[in-house]
>>> print(open('final_21.cif').read())   # mmCIF, C-alpha atoms
data_entry
#
loop_
_atom_site.label_atom_id
_atom_site.label_comp_id
_atom_site.auth_asym_id
_atom_site.auth_seq_id
_atom_site.Cartn_x
_atom_site.Cartn_y
_atom_site.Cartn_z
CA MET A 1 0.00 0.00 0.00
CA ALA A 2 2.82 2.37 0.89
CA GLY A 3 4.47 1.60 -2.43
CA GLU A 4 1.28 2.38 -4.33
CA MET A 5 0.94 5.72 -2.52
CA THR A 6 4.54 6.57 -3.38
CA ILE A 7 3.92 5.80 -7.04
CA LEU A 8 0.72 7.90 -7.01
CA GLY A 9 2.51 10.79 -5.33
CA SER A 10 5.30 10.65 -7.88
CA ALA A 11 2.78 10.66 -10.74
CA VAL A 12 1.00 13.73 -9.33
CA LEU A 13 4.32 15.51 -8.84
CA THR A 14 5.31 14.68 -12.42
CA LEU A 15 2.04 16.11 -13.77
CA LEU A 16 2.46 19.30 -11.74
CA LEU A 17 6.03 19.68 -12.91
CA ALA A 18 5.01 19.06 -16.52
CA GLY A 19 2.30 21.70 -16.23
CA TYR A 20 4.76 24.19 -14.78
CA LEU A 21 7.34 23.55 -17.50
CA ALA A 22 4.62 23.80 -20.15
CA GLN A 23 3.62 27.22 -18.83
CA GLN A 24 7.23 28.40 -18.77
CA TYR A 25 8.57 27.12 -22.07
CA LEU A 26 5.79 26.06 -24.45
CA PRO A 27 3.81 28.52 -26.58
CA LEU A 28 0.50 29.34 -24.97
CA PRO A 29 -2.55 28.10 -26.86
CA THR A 30 -4.70 30.73 -28.56
CA PRO A 31 -8.06 31.44 -26.86
CA LYS A 32 -10.90 29.68 -28.65
CA VAL A 33 -13.90 31.40 -27.06
CA ILE A 34 -14.49 35.15 -26.78
CA GLY A 35 -16.48 37.00 -24.13
CA ILE A 36 -18.87 39.75 -25.20
CA ASP A 37 -20.52 42.58 -23.29
CA LEU A 38 -23.27 43.86 -25.59
CA GLY A 39 -24.04 47.02 -23.66
CA THR A 40 -26.83 49.53 -24.15
CA THR A 41 -24.41 52.42 -24.67
CA TYR A 42 -21.06 50.74 -25.34
CA CYS A 43 -20.01 47.17 -26.08
CA SER A 44 -16.72 45.32 -25.86
CA VAL A 45 -15.05 41.97 -26.36
CA GLY A 46 -12.38 40.15 -24.37
CA VAL A 47 -10.44 36.89 -24.19
CA PHE A 48 -8.98 34.80 -21.39
CA PHE A 49 -5.43 33.66 -22.07
CA PRO A 50 -4.65 30.07 -21.06
CA GLY A 51 -1.64 29.62 -18.85
CA THR A 52 -1.32 33.20 -17.64
CA GLY A 53 -4.93 33.51 -16.49
CA LYS A 54 -4.99 37.08 -17.80
CA VAL A 55 -7.88 38.77 -19.58
CA LYS A 56 -7.33 41.04 -22.57
CA VAL A 57 -10.04 43.46 -23.61
CA ILE A 58 -9.55 43.73 -27.36
CA PRO A 59 -9.28 47.20 -28.96
CA ASP A 60 -10.66 48.24 -32.32
CA GLU A 61 -8.45 49.41 -35.17
CA ASN A 62 -8.04 52.82 -33.52
CA GLY A 63 -7.22 51.50 -30.06
CA HIS A 64 -10.67 51.96 -28.47
CA ILE A 65 -11.35 49.18 -25.96
CA SER A 66 -15.10 49.63 -26.32
CA ILE A 67 -17.27 50.88 -29.17
CA PRO A 68 -20.53 52.86 -29.13
CA SER A 69 -23.58 50.64 -29.52
CA MET A 70 -24.68 52.52 -32.63
CA VAL A 71 -25.35 51.43 -36.22
CA SER A 72 -25.87 53.81 -39.18
CA PHE A 73 -27.46 52.90 -42.51
CA THR A 74 -26.42 54.87 -45.62
CA ASP A 75 -26.86 54.50 -49.37
CA SER A 76 -23.44 52.89 -49.67
CA ASP A 77 -22.83 50.89 -46.49
CA VAL A 78 -23.64 50.09 -42.87
CA TYR A 79 -21.42 51.80 -40.30
CA VAL A 80 -20.86 50.57 -36.75
CA GLY A 81 -19.39 51.97 -33.54
CA TYR A 82 -17.31 55.11 -33.82
CA GLU A 83 -17.94 55.37 -37.55
CA SER A 84 -21.65 55.44 -36.77
CA LEU A 85 -21.12 57.99 -34.01
CA GLU A 86 -19.60 60.36 -36.57
CA LEU A 87 -22.84 60.14 -38.59
CA ALA A 88 -25.20 60.55 -35.65
CA ASP A 89 -25.47 64.36 -35.89
CA SER A 90 -25.66 64.60 -39.68
CA ASP A 91 -28.01 61.64 -40.21
CA PRO A 92 -29.89 60.95 -36.95
CA GLN A 93 -32.89 59.39 -38.73
CA ASN A 94 -30.76 56.51 -39.95
CA THR A 95 -28.54 56.03 -36.90
CA ILE A 96 -29.93 53.44 -34.49
CA TYR A 97 -28.92 53.28 -30.83
CA ASP A 98 -30.40 51.73 -27.66
CA ALA A 99 -31.36 48.63 -29.66
CA LYS A 100 -30.65 46.48 -26.62
CA ARG A 101 -33.62 48.09 -24.85
CA PHE A 102 -35.94 46.66 -27.51
CA ILE A 103 -34.45 43.25 -28.25
CA GLY A 104 -36.96 40.46 -27.67
CA LYS A 105 -39.24 42.71 -25.63
CA ILE A 106 -43.01 42.97 -26.03
CA PHE A 107 -44.43 46.41 -25.24
CA THR A 108 -47.90 47.54 -24.25
CA PRO A 109 -49.42 50.17 -26.58
CA GLU A 110 -48.80 52.83 -23.93
CA GLU A 111 -45.15 51.85 -23.49
CA LEU A 112 -44.57 51.78 -27.21
CA GLU A 113 -46.20 55.18 -27.72
CA ALA A 114 -43.76 56.66 -25.22
CA GLU A 115 -40.81 55.04 -27.00
CA ILE A 116 -41.84 56.24 -30.47
CA GLY A 117 -41.51 59.90 -29.50
CA ARG A 118 -38.19 59.52 -27.72
CA TYR A 119 -35.90 58.89 -30.67
CA PRO A 120 -34.97 60.76 -33.86
CA PHE A 121 -35.28 57.55 -35.90
CA LYS A 122 -38.57 55.83 -36.65
CA VAL A 123 -39.72 53.19 -34.17
CA LEU A 124 -42.45 50.95 -35.59
CA ASN A 125 -44.95 48.73 -33.82
CA LYS A 126 -44.92 45.13 -35.02
CA ASN A 127 -47.48 43.29 -32.88
CA GLY A 128 -46.08 44.82 -29.70
CA MET A 129 -42.48 44.38 -30.73
CA VAL A 130 -40.23 46.98 -32.31
CA GLU A 131 -38.72 47.48 -35.73
CA PHE A 132 -36.78 50.48 -37.01
CA SER A 133 -37.41 52.21 -40.33
CA VAL A 134 -34.31 53.50 -42.09
CA THR A 135 -33.56 54.79 -45.57
CA SER A 136 -30.52 53.64 -47.50
CA ASN A 137 -31.12 53.16 -51.25
CA GLU A 138 -34.72 52.57 -50.25
CA THR A 139 -36.78 52.58 -47.09
CA ILE A 140 -36.33 49.34 -45.19
CA THR A 141 -37.15 48.01 -41.74
CA VAL A 142 -34.59 46.38 -39.48
CA SER A 143 -35.08 44.50 -36.23
CA PRO A 144 -33.24 45.09 -32.95
CA GLU A 145 -31.72 41.63 -33.48
CA TYR A 146 -30.26 42.74 -36.81
CA VAL A 147 -28.85 45.93 -35.31
CA GLY A 148 -27.33 43.85 -32.52
CA SER A 149 -25.88 41.44 -35.05
CA ARG A 150 -23.98 44.26 -36.78
CA LEU A 151 -22.43 45.25 -33.47
CA LEU A 152 -21.57 41.65 -32.69
CA LEU A 153 -20.07 41.17 -36.14
CA LYS A 154 -17.81 44.18 -35.51
CA LEU A 155 -16.70 42.72 -32.16
CA LYS A 156 -16.12 39.34 -33.80
CA GLU A 157 -13.94 40.96 -36.48
CA MET A 158 -11.97 42.87 -33.83
CA ALA A 159 -11.26 39.60 -32.03
CA GLU A 160 -10.27 37.79 -35.22
CA GLU A 161 -7.89 40.59 -36.19
CA TYR A 162 -6.28 40.54 -32.75
CA LEU A 163 -6.02 36.74 -32.49
CA GLY A 164 -5.11 36.19 -36.13
CA MET A 165 -7.64 33.39 -36.55
CA PRO A 166 -11.37 32.84 -37.18
CA VAL A 167 -13.64 33.01 -34.14
CA ALA A 168 -16.86 30.99 -33.96
CA ASN A 169 -17.74 30.58 -30.26
CA ALA A 170 -18.64 33.14 -27.62
CA VAL A 171 -20.09 33.71 -24.17
CA ILE A 172 -22.33 36.77 -23.91
CA SER A 173 -23.77 38.75 -21.00
CA VAL A 174 -27.32 40.05 -20.56
CA PRO A 175 -29.10 42.02 -17.83
CA ALA A 176 -30.27 39.82 -14.99
CA GLU A 177 -33.89 40.84 -15.63
CA PHE A 178 -33.89 39.60 -19.24
CA ASP A 179 -36.54 36.94 -19.73
CA LEU A 180 -36.18 33.85 -21.90
CA LYS A 181 -37.43 35.61 -25.04
CA GLN A 182 -34.95 38.46 -24.62
CA ARG A 183 -32.12 36.00 -24.04
CA ASN A 184 -33.07 33.95 -27.08
CA SER A 185 -33.28 37.11 -29.18
CA THR A 186 -29.77 38.04 -28.06
CA ILE A 187 -28.58 34.59 -29.11
CA GLU A 188 -30.36 35.06 -32.45
CA ALA A 189 -28.46 38.32 -32.99
CA ALA A 190 -25.19 36.50 -32.30
CA ASN A 191 -26.11 33.71 -34.73
CA LEU A 192 -26.76 36.31 -37.44
CA ALA A 193 -23.21 37.53 -36.84
CA GLY A 194 -21.81 34.03 -37.29
CA LEU A 195 -21.29 33.32 -33.60
CA LYS A 196 -22.36 30.27 -31.62
CA ILE A 197 -23.23 31.23 -28.06
CA LEU A 198 -21.96 28.62 -25.61
CA ARG A 199 -23.44 30.38 -22.62
CA VAL A 200 -25.47 33.42 -21.59
CA ILE A 201 -24.36 34.92 -18.27
CA ASN A 202 -26.03 37.64 -16.19
CA GLU A 203 -24.18 40.95 -16.10
CA PRO A 204 -24.03 41.16 -12.27
CA THR A 205 -22.60 37.63 -12.14
CA ALA A 206 -20.01 38.55 -14.76
CA ALA A 207 -19.04 41.61 -12.73
CA ALA A 208 -18.70 39.50 -9.59
CA MET A 209 -16.40 37.12 -11.47
CA ALA A 210 -14.25 40.03 -12.66
CA TYR A 211 -13.71 40.92 -9.02
CA GLY A 212 -12.71 37.31 -8.33
CA LEU A 213 -15.71 36.68 -6.07
CA HIS A 214 -16.43 33.31 -7.69
CA LYS A 215 -13.26 32.12 -5.92
CA ALA A 216 -13.54 34.19 -2.73
CA ASP A 217 -15.11 33.27 0.60
CA VAL A 218 -18.14 35.56 0.36
CA PHE A 219 -21.87 34.95 0.49
CA HIS A 220 -23.84 38.20 0.00
CA VAL A 221 -22.65 40.35 -2.92
CA LEU A 222 -24.26 43.65 -3.96
CA VAL A 223 -23.56 44.79 -7.53
CA ILE A 224 -24.24 48.46 -8.29
CA ASP A 225 -24.30 49.14 -12.04
CA LEU A 226 -24.44 52.84 -12.93
CA GLY A 227 -23.68 53.37 -16.59
CA GLY A 228 -24.78 55.60 -19.43
CA GLY A 229 -28.23 54.07 -19.74
CA THR A 230 -29.04 52.26 -16.51
CA LEU A 231 -28.92 52.24 -12.75
CA ASP A 232 -29.30 48.62 -11.69
CA VAL A 233 -28.68 47.09 -8.28
CA SER A 234 -28.52 43.30 -7.89
CA LEU A 235 -28.17 41.20 -4.76
CA LEU A 236 -26.34 37.93 -5.37
CA ASN A 237 -26.11 34.96 -3.03
CA LYS A 238 -23.06 32.83 -3.62
CA GLN A 239 -22.20 29.37 -2.36
CA GLY A 240 -19.15 27.73 -3.84
CA GLY A 241 -19.25 28.72 -7.48
CA MET A 242 -23.02 29.11 -7.67
CA PHE A 243 -24.76 32.49 -7.83
CA LEU A 244 -28.41 33.21 -7.15
CA THR A 245 -29.82 36.59 -8.11
CA ARG A 246 -31.87 37.17 -4.99
CA ALA A 247 -33.29 40.64 -5.68
CA MET A 248 -33.04 43.42 -8.26
CA SER A 249 -34.06 47.03 -8.48
CA GLY A 250 -33.23 49.83 -10.85
CA LYS A 251 -34.19 52.43 -13.37
CA LYS A 252 -33.57 52.91 -17.06
CA ASN A 253 -32.31 56.39 -17.82
CA THR A 254 -34.28 58.05 -20.59
CA ARG A 255 -33.00 60.68 -22.99
CA ARG A 256 -34.94 63.93 -23.00
CA GLU A 257 -36.81 64.54 -26.21
CA LYS A 258 -35.59 67.41 -28.36
CA LYS A 259 -38.22 70.12 -28.72
CA SER A 260 -39.08 71.53 -32.12
CA GLY A 261 -36.53 74.09 -33.20
CA GLU A 262 -34.25 73.42 -30.24
CA SER A 263 -30.53 73.44 -30.96
CA GLN A 264 -28.50 70.36 -30.11
CA VAL A 265 -25.33 72.44 -29.59
CA LEU A 266 -24.05 72.43 -25.99
CA PHE A 267 -22.02 75.47 -24.68
CA GLU A 268 -19.03 74.07 -22.47
CA THR A 269 -17.66 75.38 -19.16
CA GLU A 270 -15.45 74.32 -16.28
CA ILE A 271 -16.88 74.03 -12.79
CA SER A 272 -15.33 73.04 -9.51
CA ARG A 273 -15.76 69.59 -8.01
CA LYS A 274 -17.60 71.18 -5.09
CA LEU A 275 -20.13 72.88 -7.38
CA PHE A 276 -20.56 69.69 -9.43
CA ASP A 277 -21.32 67.73 -6.25
CA THR A 278 -23.75 70.40 -5.03
CA LEU A 279 -25.65 70.51 -8.34
CA ASN A 280 -26.02 66.74 -8.46
CA GLU A 281 -26.45 65.89 -4.77
CA ASP A 282 -30.14 64.99 -5.16
CA LEU A 283 -29.25 62.58 -7.97
CA PHE A 284 -26.43 61.04 -5.97
CA GLN A 285 -28.74 60.39 -3.02
CA LYS A 286 -31.25 58.66 -5.31
CA ILE A 287 -28.70 55.90 -5.80
CA LEU A 288 -29.61 54.70 -2.31
CA ILE A 289 -33.27 54.09 -3.27
CA PRO A 290 -32.72 50.86 -5.30
CA ILE A 291 -30.05 49.76 -2.82
CA GLN A 292 -32.51 50.01 0.05
CA GLN A 293 -35.22 48.33 -2.05
CA VAL A 294 -32.97 45.37 -2.83
CA LEU A 295 -31.95 44.94 0.80
CA LYS A 296 -35.62 45.03 1.83
CA GLU A 297 -36.65 42.44 -0.75
CA GLY A 298 -33.64 40.29 0.11
CA HIS A 299 -34.47 40.49 3.85
CA LEU A 300 -30.95 41.64 4.68
CA GLU A 301 -29.39 44.39 6.74
CA LYS A 302 -26.70 46.46 5.09
CA THR A 303 -24.19 45.11 7.60
CA GLU A 304 -24.75 41.61 6.19
CA ILE A 305 -23.37 42.51 2.74
CA ASP A 306 -19.92 40.97 2.32
CA GLU A 307 -18.88 42.82 -0.84
CA VAL A 308 -20.17 45.88 -2.68
CA VAL A 309 -18.83 46.01 -6.24
CA LEU A 310 -19.14 48.85 -8.73
CA VAL A 311 -19.90 48.57 -12.44
CA GLY A 312 -20.27 51.31 -15.06
CA GLY A 313 -18.30 54.48 -15.75
CA SER A 314 -20.46 56.75 -13.60
CA THR A 315 -19.33 54.90 -10.47
CA ARG A 316 -15.98 56.66 -10.94
CA ILE A 317 -17.52 59.87 -9.59
CA PRO A 318 -15.95 60.40 -6.15
CA ARG A 319 -19.15 61.64 -4.49
CA ILE A 320 -21.04 58.53 -5.67
CA ARG A 321 -18.41 56.32 -4.08
CA GLN A 322 -18.59 58.42 -0.93
CA VAL A 323 -22.39 58.09 -0.71
CA ILE A 324 -22.08 54.30 -1.02
CA GLN A 325 -19.23 54.20 1.53
CA GLU A 326 -21.19 56.26 4.04
CA PHE A 327 -24.29 54.08 3.67
CA PHE A 328 -22.50 50.75 4.17
CA GLY A 329 -19.84 52.01 6.56
CA LYS A 330 -17.09 50.48 4.42
CA ASP A 331 -15.42 51.12 1.10
CA PRO A 332 -16.89 49.49 -2.01
CA ASN A 333 -14.59 47.19 -3.96
CA THR A 334 -12.93 49.30 -6.65
CA SER A 335 -10.13 46.92 -7.67
CA VAL A 336 -11.51 46.47 -11.21
CA ASP A 337 -12.05 49.08 -13.93
CA PRO A 338 -15.85 49.61 -13.66
CA ASP A 339 -16.15 50.15 -17.42
CA LEU A 340 -14.60 46.74 -18.07
CA ALA A 341 -15.95 44.68 -15.18
CA VAL A 342 -18.67 42.91 -17.18
CA VAL A 343 -16.53 42.10 -20.24
CA THR A 344 -13.72 40.90 -17.98
CA GLY A 345 -16.04 38.51 -16.16
CA VAL A 346 -17.58 37.27 -19.41
CA ALA A 347 -14.09 36.64 -20.81
CA ILE A 348 -13.20 34.60 -17.72
CA GLN A 349 -16.32 32.50 -18.21
CA ALA A 350 -15.45 32.15 -21.90
CA GLY A 351 -12.05 30.81 -20.90
CA ILE A 352 -13.66 28.33 -18.55
CA ASP A 353 -16.10 27.14 -21.19
CA GLY A 354 -13.19 26.85 -23.62
CA GLY A 355 -11.31 24.55 -21.25
CA SER A 356 -8.50 27.01 -20.58
CA TRP A 357 -5.99 26.51 -17.79
CA PRO A 358 -5.26 27.40 -15.08
CA LEU A 359 -8.66 26.02 -14.16
CA GLN A 360 -11.10 28.45 -12.52
CA VAL A 361 -14.28 27.99 -10.56
CA SER A 362 -17.16 28.33 -13.01
CA ALA A 363 -20.05 30.61 -12.14
CA LEU A 364 -23.26 28.65 -12.09
CA GLU A 365 -26.38 30.78 -12.02
CA ILE A 366 -29.49 29.46 -10.34
CA PRO A 367 -32.60 30.66 -12.21
CA ASN A 368 -35.20 32.38 -10.06
CA LYS A 369 -38.50 32.28 -11.95
CA HIS A 370 -40.29 34.38 -9.36
CA LEU A 371 -37.83 37.26 -9.45
CA GLN A 372 -39.14 40.53 -10.81
CA LYS A 373 -37.26 43.75 -11.23
CA THR A 374 -38.55 46.73 -9.31
CA ASN A 375 -38.39 50.08 -11.09
CA PHE A 376 -38.35 53.31 -9.16
CA ASN A 377 -39.05 56.90 -10.20
#
>>> encode(input="final_21.cif", output="structure tokens")
Amino acid sequence: MAGEMTILGSAVLTLLLAGYLAQQYLPLPTPKVIGIDLGTTYCSVGVFFPGTGKVKVIPDENGHISIPSMVSFTDSDVYVGYESLELADSDPQNTIYDAKRFIGKIFTPEELEAEIGRYPFKVLNKNGMVEFSVTSNETITVSPEYVGSRLLLKLKEMAEEYLGMPVANAVISVPAEFDLKQRNSTIEAANLAGLKILRVINEPTAAAMAYGLHKADVFHVLVIDLGGGTLDVSLLNKQGGMFLTRAMSGKKNTRREKKSGESQVLFETEISRKLFDTLNEDLFQKILIPIQQVLKEGHLEKTEIDEVVLVGGSTRIPRIRQVIQEFFGKDPNTSVDPDLAVVTGVAIQAGIDGGSWPLQVSALEIPNKHLQKTNFN
């Protein structure tokens, strides 16, 4: 028996040594699965590199690590990202943005009527779902899935250029409140772009993974996502590598409609940090409303939250971080770039699904069919 244990120990040691030498001296395999954050305002793509365990967020041809979620239709071509942004002012009727808000969603007549007047492009009602009317050589209608597919195709091409090889498989993130139809519509958009989706992961779960919480000894995680188009707060329960979205609350930011004859030009000025904080203090305090709602629905005290993590560029504002710190009595976790938290977590999951090493704990999400998102005004 002792001899058998010695042989087994030697075999394990040999495998560990071989793995170490492979990491040190052999070329690292190329990532086979990409991770995509298809955001409402910006989207990005990343990969997990086997061996090093590092994530690379892939830039576009001009070095941008994320691209605007905008698609423009002209007589000659379809333009995506920053190229579309350049056309937004001169051709707003044919430049589509916010498509993610419509993908796979069925609207009531009242909801759809409010949406139609909010955008410079034409929003059409197709049995409660949305299509966009644009004019290239002729007037055509395009679906939110098609608009999403053009963005995803751009991200796919960015990854292929960076990796120097074709890319076919991806993991993609969606808001936690997306229902099955919205998730399937997101997958459909990816399929139109030539991508096979291996897994759909919730954005708060992806953010938690970016912060390494899938491997940490934590149980209650609060994810605060304050970006260009949303304020979402999600309470996650975590045991081992499994996440349960226990409660959600939030608000979609809406763009103010332009009044007839109103100029879109903005005059610019510098103000002090103190004045900026004073002017926006009421907005900063409103961040606490969905936080308190989530804690109430989750039947938790704020002292029971193990980690507070921040997602979205607006969480960089010092006063916002201060408001959160004062409420919880401890600093939020700011160890990850909030703009890249979701894509980083999705890329980690893509590496796991692609069988990359070093092995990581996979994030398993437990579906909660009774969970509903609470909106606040």
>>> atom_distance(input="final_21.cif", atom1="atom CA of Lys238 of chain A", atom2="atom CA of Asp217 of chain A")
9.0 Å
>>> resolve_selection(input="final_21.cif", expression="the PyMOL selection byres ((chain A and resi 315) around 10)", output="PyMOL selection string")
chain A and resi 224-227+309-314+316-321+324+334+337-339
>>> residues_around(input="final_21.cif", residues="segment 350-354 of chain A", least_positions_apart="6", cutoff="6 Å", atoms="only C-alpha atoms", output="JSON, numbers by chain")
{"A": [33, 34, 35, 48, 171]}
>>> write_last_selection(input="final_21.cif", atoms="C-alpha atoms", output="compact mmCIF listing (two decimals), in the frame of the given file")
# COMPACT_ATOMS: atom_id res chain seq x y z
CA VAL A 33 -13.90 31.40 -27.06
CA ILE A 34 -14.49 35.15 -26.78
CA GLY A 35 -16.48 37.00 -24.13
CA PHE A 48 -8.98 34.80 -21.39
CA VAL A 171 -20.09 33.71 -24.17
>>> resolve_selection(input="final_21.cif", expression="the PyMOL selection byres ((chain A and resi 86-92) around 10)", output="list of chain:residue names")
A:Met70, A:Val71, A:Ser72, A:Phe73, A:Thr74, A:Tyr79, A:Val80, A:Gly81, A:Tyr82, A:Glu83, A:Ser84, A:Leu85, A:Gln93, A:Asn94, A:Thr95, A:Ile96, A:Tyr97, A:Tyr119, A:Pro120, A:Phe121, A:Gln264
>>> resolve_selection(input="final_21.cif", expression="the PyMOL selection byres ((chain A and resi 122-136) around 7)", output="MDAnalysis selection string")
chainID A and resid 73:75 93:94 102 105:108 116 120:121 137:144
>>> atom_distance(input="final_21.cif", atom1="atom CA of Gly53 of chain A", atom2="atom CA of Met209 of chain A")
13.0 Å
>>> closest_residue(input="final_21.cif", among="A:Asp37, A:Glu270, A:Glu145, A:Glu113", to="Leu192 of chain A", atoms="all atoms listed in the file")
A:Glu145
>>> residues_around(input="final_21.cif", residues="Ser44 of chain A", least_positions_apart="4", cutoff="7 Å", atoms="only C-alpha atoms", output="PyMOL selection string")
chain A and resi 36-38+65-67+155+343
>>> atom_distance(input="final_21.cif", atom1="atom CA of Gly250 of chain A", atom2="atom CA of His214 of chain A")
23.8 Å
>>> residues_around(input="final_21.cif", residues="Val200 of chain A", least_positions_apart="2", cutoff="7 Å", atoms="all atoms listed in the file", output="compact mmCIF listing (two decimals) with C-alpha atoms, in the coordinates of the input")
# COMPACT_ATOMS: atom_id res chain seq x y z
CA VAL A 171 -20.09 33.71 -24.17
CA ILE A 172 -22.33 36.77 -23.91
CA SER A 173 -23.77 38.75 -21.00
CA VAL A 174 -27.32 40.05 -20.56
CA ASN A 202 -26.03 37.64 -16.19
>>> axis_aligned_box(input="final_21.cif", around="segment 199-215 of chain A", padding_each_side="4 Å", output="lines of an AutoDock Vina configuration file")
center_x = -19.4
center_y = 36.0
center_z = -14.3
size_x = 21.3
size_y = 19.2
size_z = 24.7
>>> closest_residue(input="final_21.cif", among="A:Gln285, A:Glu297, A:Gly39, A:Val346", to="Phe327 of chain A", atoms="only C-alpha atoms")
A:Gln285
